[in-house]
file my_file24.cif (mmCIF, C-alpha atoms)
data_structure
loop_
_atom_site.group_PDB
_atom_site.id
_atom_site.type_symbol
_atom_site.label_atom_id
_atom_site.label_comp_id
_atom_site.auth_asym_id
_atom_site.auth_seq_id
_atom_site.Cartn_x
_atom_site.Cartn_y
_atom_site.Cartn_z
ATOM 1 C CA PRO H 616 -2.470 0.042 13.949
ATOM 2 C CA GLY H 617 1.281 0.205 14.343
ATOM 3 C CA LEU H 618 2.100 -1.246 10.916
ATOM 4 C CA CYS H 619 2.750 1.987 9.030
ATOM 5 C CA PRO H 620 6.400 2.537 8.006
ATOM 6 C CA ALA H 621 6.723 5.439 10.486
ATOM 7 C CA SER H 622 6.134 2.962 13.315
ATOM 8 C CA ALA H 623 9.612 1.540 12.710
ATOM 9 C CA ASN H 624 11.111 4.870 13.816
ATOM 10 C CA SER H 625 8.652 5.741 16.560
ATOM 11 C CA PRO H 626 7.544 3.027 18.973
ATOM 12 C CA ASN H 627 4.481 5.114 19.871
ATOM 13 C CA ALA H 628 3.261 5.533 16.288
ATOM 14 C CA GLU H 629 -0.203 4.152 15.781
ATOM 15 C CA GLY H 630 -0.506 4.737 12.040
ATOM 16 C CA VAL H 631 -2.350 2.051 10.138
ATOM 17 C CA GLY H 632 -0.484 -0.149 7.689
ATOM 18 C CA TYR H 633 -1.618 -3.154 5.700
ATOM 19 C CA VAL H 634 -0.153 -6.569 4.941
ATOM 20 C CA LEU H 635 -1.850 -8.591 2.235
ATOM 21 C CA LEU H 636 -1.087 -12.248 1.626
ATOM 22 C CA LEU H 637 -3.140 -13.918 -1.101
ATOM 23 C CA ARG H 638 -3.012 -17.390 -2.566
ATOM 24 C CA ALA H 639 -3.819 -17.925 -6.239
ATOM 25 C CA ASP H 640 -6.884 -20.039 -6.924
ATOM 26 C CA ALA H 641 -7.462 -21.320 -10.453
ATOM 27 C CA ASP H 642 -11.219 -21.639 -9.789
ATOM 28 C CA ALA H 643 -11.648 -18.109 -8.417
ATOM 29 C CA PRO H 644 -14.088 -15.860 -10.315
ATOM 30 C CA VAL H 645 -11.488 -13.054 -10.423
ATOM 31 C CA THR H 646 -7.718 -13.040 -10.776
ATOM 32 C CA ILE H 647 -5.491 -12.569 -7.752
ATOM 33 C CA ALA H 648 -4.496 -9.160 -9.132
ATOM 34 C CA ARG H 649 -8.133 -8.034 -9.265
ATOM 35 C CA LYS H 650 -8.816 -9.468 -5.797
ATOM 36 C CA LYS H 651 -5.946 -7.351 -4.460
ATOM 37 C CA VAL H 652 -7.488 -4.233 -6.037
ATOM 38 C CA GLN H 653 -10.931 -5.103 -4.616
ATOM 39 C CA LEU H 654 -9.477 -5.433 -1.112
ATOM 40 C CA TYR H 655 -7.509 -2.196 -1.520
ATOM 41 C CA LEU H 656 -10.638 -0.305 -2.548
ATOM 42 C CA LYS H 657 -12.777 -1.802 0.220
ATOM 43 C CA TYR H 658 -10.363 -1.544 3.145
ATOM 44 C CA VAL H 659 -8.012 1.305 2.220
ATOM 45 C CA LEU H 660 -9.169 3.773 -0.438
ATOM 46 C CA LEU H 661 -12.906 4.094 0.240
ATOM 47 C CA PRO H 662 -12.522 4.352 4.051
ATOM 48 C CA PHE H 663 -9.702 6.901 3.536
ATOM 49 C CA ILE H 664 -11.884 9.058 1.279
ATOM 50 C CA GLU H 665 -14.735 8.863 3.781
ATOM 51 C CA GLU H 666 -12.374 9.826 6.620
ATOM 52 C CA CYS H 667 -11.092 12.815 4.630
ATOM 53 C CA ARG H 668 -14.642 13.920 3.859
ATOM 54 C CA ARG H 669 -15.603 13.758 7.539
ATOM 55 C CA ALA H 670 -12.574 15.888 8.418
ATOM 56 C CA VAL H 671 -13.482 18.516 5.816
ATOM 57 C CA MET H 672 -17.284 18.276 6.249
ATOM 58 C CA PRO H 673 -17.873 17.453 9.946
ATOM 59 C CA ASP H 674 -21.678 17.710 9.587
ATOM 60 C CA TRP H 675 -21.814 15.373 6.585
ATOM 61 C CA ASP H 676 -23.505 12.004 7.023
ATOM 62 C CA PRO H 677 -22.149 9.207 4.759
ATOM 63 C CA GLU H 678 -25.772 8.249 4.025
ATOM 64 C CA ASP H 679 -26.362 11.702 2.492
ATOM 65 C CA GLU H 680 -25.397 12.711 -1.015
ATOM 66 C CA VAL H 681 -21.857 14.030 -1.253
ATOM 67 C CA PRO H 682 -21.810 17.766 -1.955
ATOM 68 C CA GLU H 683 -19.877 18.880 -5.029
ATOM 69 C CA TYR H 684 -17.004 20.276 -2.936
ATOM 70 C CA GLY H 685 -16.591 16.796 -1.404
ATOM 71 C CA ARG H 686 -15.760 15.192 -4.760
ATOM 72 C CA ALA H 687 -12.673 12.957 -4.635
ATOM 73 C CA VAL H 688 -10.292 12.090 -7.457
ATOM 74 C CA SER H 689 -8.339 8.846 -7.291
ATOM 75 C CA TRP H 690 -5.302 8.533 -9.551
ATOM 76 C CA SER H 691 -3.872 5.118 -10.297
ATOM 77 C CA ASP H 692 -0.969 3.784 -12.299
ATOM 78 C CA GLY H 693 -3.493 1.921 -14.381
ATOM 79 C CA ASP H 694 -2.306 -1.658 -14.473
ATOM 80 C CA ILE H 695 -4.766 -4.009 -16.165
ATOM 81 C CA ALA H 696 -6.307 -5.442 -12.968
ATOM 82 C CA MET H 697 -6.827 -1.976 -11.504
ATOM 83 C CA MET H 698 -8.442 -0.693 -14.683
ATOM 84 C CA GLN H 699 -10.748 -3.736 -14.918
ATOM 85 C CA GLU H 700 -11.918 -3.190 -11.346
ATOM 86 C CA MET H 701 -12.355 0.566 -11.766
ATOM 87 C CA VAL H 702 -14.429 0.048 -14.928
ATOM 88 C CA SER H 703 -16.607 -2.575 -13.219
ATOM 89 C CA MET H 704 -17.197 -0.183 -10.292
ATOM 90 C CA ALA H 705 -17.555 3.010 -12.367
ATOM 91 C CA GLU H 706 -21.235 3.656 -11.579
ATOM 92 C CA GLU H 707 -20.798 2.973 -7.864
ATOM 93 C CA LEU H 708 -17.754 5.252 -7.633
ATOM 94 C CA LEU H 709 -19.404 8.059 -9.612
ATOM 95 C CA GLY H 710 -22.453 7.728 -7.342
ATOM 96 C CA LYS H 711 -20.122 8.363 -4.396
ATOM 97 C CA LYS H 712 -18.621 11.335 -6.284
ATOM 98 C CA ILE H 713 -15.282 9.622 -6.744
ATOM 99 C CA TRP H 714 -13.629 10.198 -10.088
ATOM 100 C CA VAL H 715 -11.025 7.676 -11.119
ATOM 101 C CA ALA H 716 -8.174 8.752 -13.337
ATOM 102 C CA LYS H 717 -5.284 6.901 -14.898
ATOM 103 C CA HIS H 718 -1.709 8.088 -15.204
ATOM 104 C CA GLY H 719 -0.268 7.854 -18.684
ATOM 105 C CA GLY H 720 1.334 4.535 -19.544
ATOM 106 C CA LYS H 721 5.081 4.521 -20.102
ATOM 107 C CA CYS H 722 7.046 2.017 -22.103
ATOM 108 C CA SER H 723 10.691 2.927 -21.601
ATOM 109 C CA GLY H 724 13.161 4.386 -19.134
ATOM 110 C CA ARG H 725 13.065 7.589 -21.139
ATOM 111 C CA ASP H 726 9.296 7.827 -20.663
ATOM 112 C CA GLN H 727 9.291 6.580 -17.067
ATOM 113 C CA PHE H 728 12.449 8.253 -15.825
ATOM 114 C CA ALA H 729 11.449 8.007 -12.142
ATOM 115 C CA ASP H 730 12.264 4.267 -12.208
ATOM 116 C CA LEU H 731 15.853 5.175 -13.069
ATOM 117 C CA MET H 732 16.219 7.660 -10.194
ATOM 118 C CA ARG H 733 18.804 6.930 -7.555
ATOM 119 C CA CYS H 734 16.197 6.303 -4.822
ATOM 120 C CA PHE H 735 14.639 3.393 -6.756
ATOM 121 C CA VAL H 736 18.035 1.935 -7.598
ATOM 122 C CA ILE H 737 18.979 2.111 -3.893
ATOM 123 C CA ILE H 738 15.770 0.326 -2.857
ATOM 124 C CA LYS H 739 16.615 -2.578 -5.173
ATOM 125 C CA GLU H 740 20.187 -2.715 -3.814
ATOM 126 C CA GLU H 741 19.236 -2.397 -0.140
ATOM 127 C CA VAL H 742 16.565 -5.105 -0.191
ATOM 128 C CA ASN H 743 19.292 -7.616 -0.956
ATOM 129 C CA ARG H 744 21.789 -6.145 1.529
ATOM 130 C CA ILE H 745 19.849 -5.310 4.697
ATOM 131 C CA SER H 746 18.978 -8.030 7.191
ATOM 132 C CA ALA H 747 16.155 -8.056 9.733
ATOM 133 C CA GLU H 748 18.430 -9.898 12.149
ATOM 134 C CA GLY H 749 18.874 -7.907 15.332
ATOM 135 C CA LEU H 750 15.911 -5.577 14.747
ATOM 136 C CA GLY H 751 14.193 -6.970 17.836
ATOM 137 C CA ASN H 752 10.525 -7.412 18.583
ATOM 138 C CA VAL H 753 9.407 -4.047 19.955
ATOM 139 C CA GLY H 754 7.237 -1.384 18.335
ATOM 140 C CA PHE H 755 6.734 -1.963 14.632
ATOM 141 C CA TYR H 756 8.837 -5.131 14.657
ATOM 142 C CA GLY H 757 6.852 -6.568 17.566
ATOM 143 C CA THR H 758 3.613 -5.733 15.769
ATOM 144 C CA VAL H 759 4.794 -7.709 12.734
ATOM 145 C CA GLU H 760 5.803 -10.678 14.920
ATOM 146 C CA SER H 761 2.546 -10.711 16.908
ATOM 147 C CA MET H 762 0.483 -10.345 13.730
ATOM 148 C CA PHE H 763 2.094 -13.443 12.216
ATOM 149 C CA LYS H 764 1.842 -15.353 15.512
ATOM 150 C CA GLY H 765 -1.879 -14.564 15.683
ATOM 151 C CA TRP H 766 -2.376 -15.717 12.110
ATOM 152 C CA ARG H 767 -0.513 -18.974 12.842
ATOM 153 C CA ASP H 768 -2.526 -19.580 16.028
ATOM 154 C CA GLU H 769 -5.791 -18.957 14.164
ATOM 155 C CA LYS H 770 -4.546 -21.167 11.304
ATOM 156 C CA LYS H 771 -4.986 -18.336 8.808
ATOM 157 C CA ILE H 772 -1.522 -18.969 7.396
ATOM 158 C CA ALA H 773 0.561 -22.098 7.039
ATOM 159 C CA PHE H 774 3.927 -21.283 5.533
ATOM 160 C CA GLU H 775 7.078 -23.311 5.804
ATOM 161 C CA HIS H 776 9.225 -21.747 8.530
ATOM 162 C CA GLU H 777 11.815 -20.270 6.149
ATOM 163 C CA LYS H 778 9.201 -18.774 3.825
ATOM 164 C CA GLU H 779 7.345 -17.152 6.718
ATOM 165 C CA ARG H 780 10.593 -15.769 8.123
ATOM 166 C CA ALA H 781 11.461 -14.305 4.711
ATOM 167 C CA ILE H 782 8.056 -12.602 4.462
ATOM 168 C CA ARG H 783 8.285 -11.231 8.024
ATOM 169 C CA ASP H 784 11.828 -10.007 7.426
ATOM 170 C CA GLY H 785 10.796 -8.326 4.176
ATOM 171 C CA ILE H 786 8.067 -6.423 5.989
ATOM 172 C CA LYS H 787 10.427 -5.534 8.837
ATOM 173 C CA ILE H 788 13.152 -4.067 6.613
ATOM 174 C CA ALA H 789 10.775 -2.169 4.292
ATOM 175 C CA PRO H 790 10.745 1.051 6.370
ATOM 176 C CA GLN H 791 14.512 1.012 6.807
ATOM 177 C CA VAL H 792 15.072 0.488 3.079
ATOM 178 C CA THR H 793 12.649 3.195 1.982
ATOM 179 C CA TYR H 794 13.884 5.745 4.509
ATOM 180 C CA LYS H 795 17.466 5.197 3.381
ATOM 181 C CA ALA H 796 16.568 5.401 -0.308
ATOM 182 C CA CYS H 797 14.299 8.419 0.044
ATOM 183 C CA GLU H 798 16.551 10.801 1.930
ATOM 184 C CA ARG H 799 16.045 14.310 0.610
ATOM 185 C CA LYS H 800 19.547 14.605 -0.869
ATOM 186 C CA ILE H 801 19.152 11.311 -2.766
ATOM 187 C CA VAL H 802 15.762 12.240 -4.215
ATOM 188 C CA GLN H 803 17.020 15.713 -5.181
ATOM 189 C CA LYS H 804 20.132 14.240 -6.766
ATOM 190 C CA GLY H 805 17.928 11.945 -8.858
ATOM 191 C CA TRP H 806 16.048 14.908 -10.287
ATOM 192 C CA LYS H 807 19.298 16.700 -11.105
ATOM 193 C CA GLU H 808 20.835 13.680 -12.875
#

call {"tool": "encode", "arguments": {"input": "my_file24.cif", "output": "structure tokens"}}
result
Amino acid sequence: PGLCPASANSPNAEGVGYVLLLRADADAPVTIARKKVQLYLKYVLLPFIEECRRAVMPDWDPEDEVPEYGRAVSWSDGDIAMMQEMVSMAEELLGKKIWVAKHGGKCSGRDQFADLMRCFVIIKEEVNRISAEGLGNVGFYGTVESMFKGWRDEKKIAFEHEKERAIRDGIKIAPQVTYKACERKIVQKGWKE
């Protein structure tokens, strides 16, 4: 709790956000990209779908079969790791009445024009311009700091000081960067261009 981007603007926000740090392992049975998808499905997507179903069907028990009106559809951008994982889990997902669908692949700026929109250009510019210095350690920023401190104390991470600071700062500035880039006028201007 407290790691969602909205938490950076509201110290009382308790929205859940996720930070995932993985280390590549040449001997691992799956690639790091597939491991990331597995963790996303297990800790984010499947619990979210279950939460939505409980909100819509308060009397539904997750042990029961999902009624037809509780069917979920999950769209993905369809990178290779995601598709491999979705295919390997197809029966399980269909058994839970979750359909997986893939967006069409794009190969150029003309096909994938959203990447050329002003908001995405601004994100790339702002990441290199904005500093986390002076953001403090309260609310969202404090949550990030305490999360990393806990990981260090539990010896779950062991980064060089500068690398850890860069990762923490990247997480801290993410809400600021995206809010600036995704102002309504900027997004609308991108569609008009």

call {"tool": "atom_distance", "arguments": {"input": "my_file24.cif", "atom1": "atom CA of H:Ala643", "atom2": "atom CA of H:Gln699"}}
result
15.8 Å

call {"tool": "atom_distance", "arguments": {"input": "my_file24.cif", "atom1": "atom CA of H:Ile713", "atom2": "atom CA of H:Val688"}}
result
5.6 Å

call {"tool": "residues_around", "arguments": {"input": "my_file24.cif", "residues": "H:Arg686", "least_positions_apart": "6", "cutoff": "12 Å", "atoms": "all atoms listed in the file", "output": "PyMOL selection string"}}
result
chain H and resi 664-665+667-668+671-672+680+708-715

call {"tool": "closest_residue", "arguments": {"input": "my_file24.cif", "among": "H:Cys734, H:Met762, H:Lys787, H:Phe755", "to": "H:Lys804", "atoms": "only C-alpha atoms"}}
result
H:Cys734

call {"tool": "atom_distance", "arguments": {"input": "my_file24.cif", "atom1": "atom CA of H:Asp784", "atom2": "atom CA of H:Ala747"}}
result
5.3 Å

call {"tool": "closest_residue", "arguments": {"input": "my_file24.cif", "among": "H:Ala716, H:Arg780, H:Glu678, H:Ile786", "to": "H:Ser691", "atoms": "all atoms listed in the file"}}
result
H:Ala716

call {"tool": "residues_around", "arguments": {"input": "my_file24.cif", "residues": "stretch 631-637 of chain H", "least_positions_apart": "2", "cutoff": "12 Å", "atoms": "only C-alpha atoms", "output": "number ranges by chain"}}
result
H: 616-623, 628-629, 639-640, 643, 646-655, 658-660, 663, 755, 758-759, 762-763, 766, 771-774, 779, 782-783, 785-787, 789-790

call {"tool": "residues_around", "arguments": {"input": "my_file24.cif", "residues": "H:Ile745", "least_positions_apart": "5", "cutoff": "9 Å", "atoms": "all atoms listed in the file", "output": "MDAnalysis selection string"}}
result
chainID H and resid 740 788 791:792

call {"tool": "write_last_selection", "arguments": {"input": "my_file24.cif", "atoms": "C-alpha atoms", "output": "PDB file, keeping the file's coordinate frame"}}
result
ATOM      1  CA  GLU H 740      20.187  -2.715  -3.814  1.00  0.00           C
ATOM      2  CA  ILE H 788      13.152  -4.067   6.613  1.00  0.00           C
ATOM      3  CA  GLN H 791      14.512   1.012   6.807  1.00  0.00           C
ATOM      4  CA  VAL H 792      15.072   0.488   3.079  1.00  0.00           C
TER       5      VAL H 792
END

call {"tool": "axis_aligned_box", "arguments": {"input": "my_file24.cif", "around": "stretch 738-755 of chain H", "padding_each_side": "5 Å", "output": "lines of an AutoDock Vina configuration file"}}
result
center_x = 14.3
center_y = -4.8
center_z = 7.4
size_x = 25.1
size_y = 20.2
size_z = 35.1

call {"tool": "resolve_selection", "arguments": {"input": "my_file24.cif", "expression": "the PyMOL selection byres ((chain H and resi 738) around 10)", "output": "number ranges by chain"}}
result
H: 733-737, 739-744, 789, 791-797
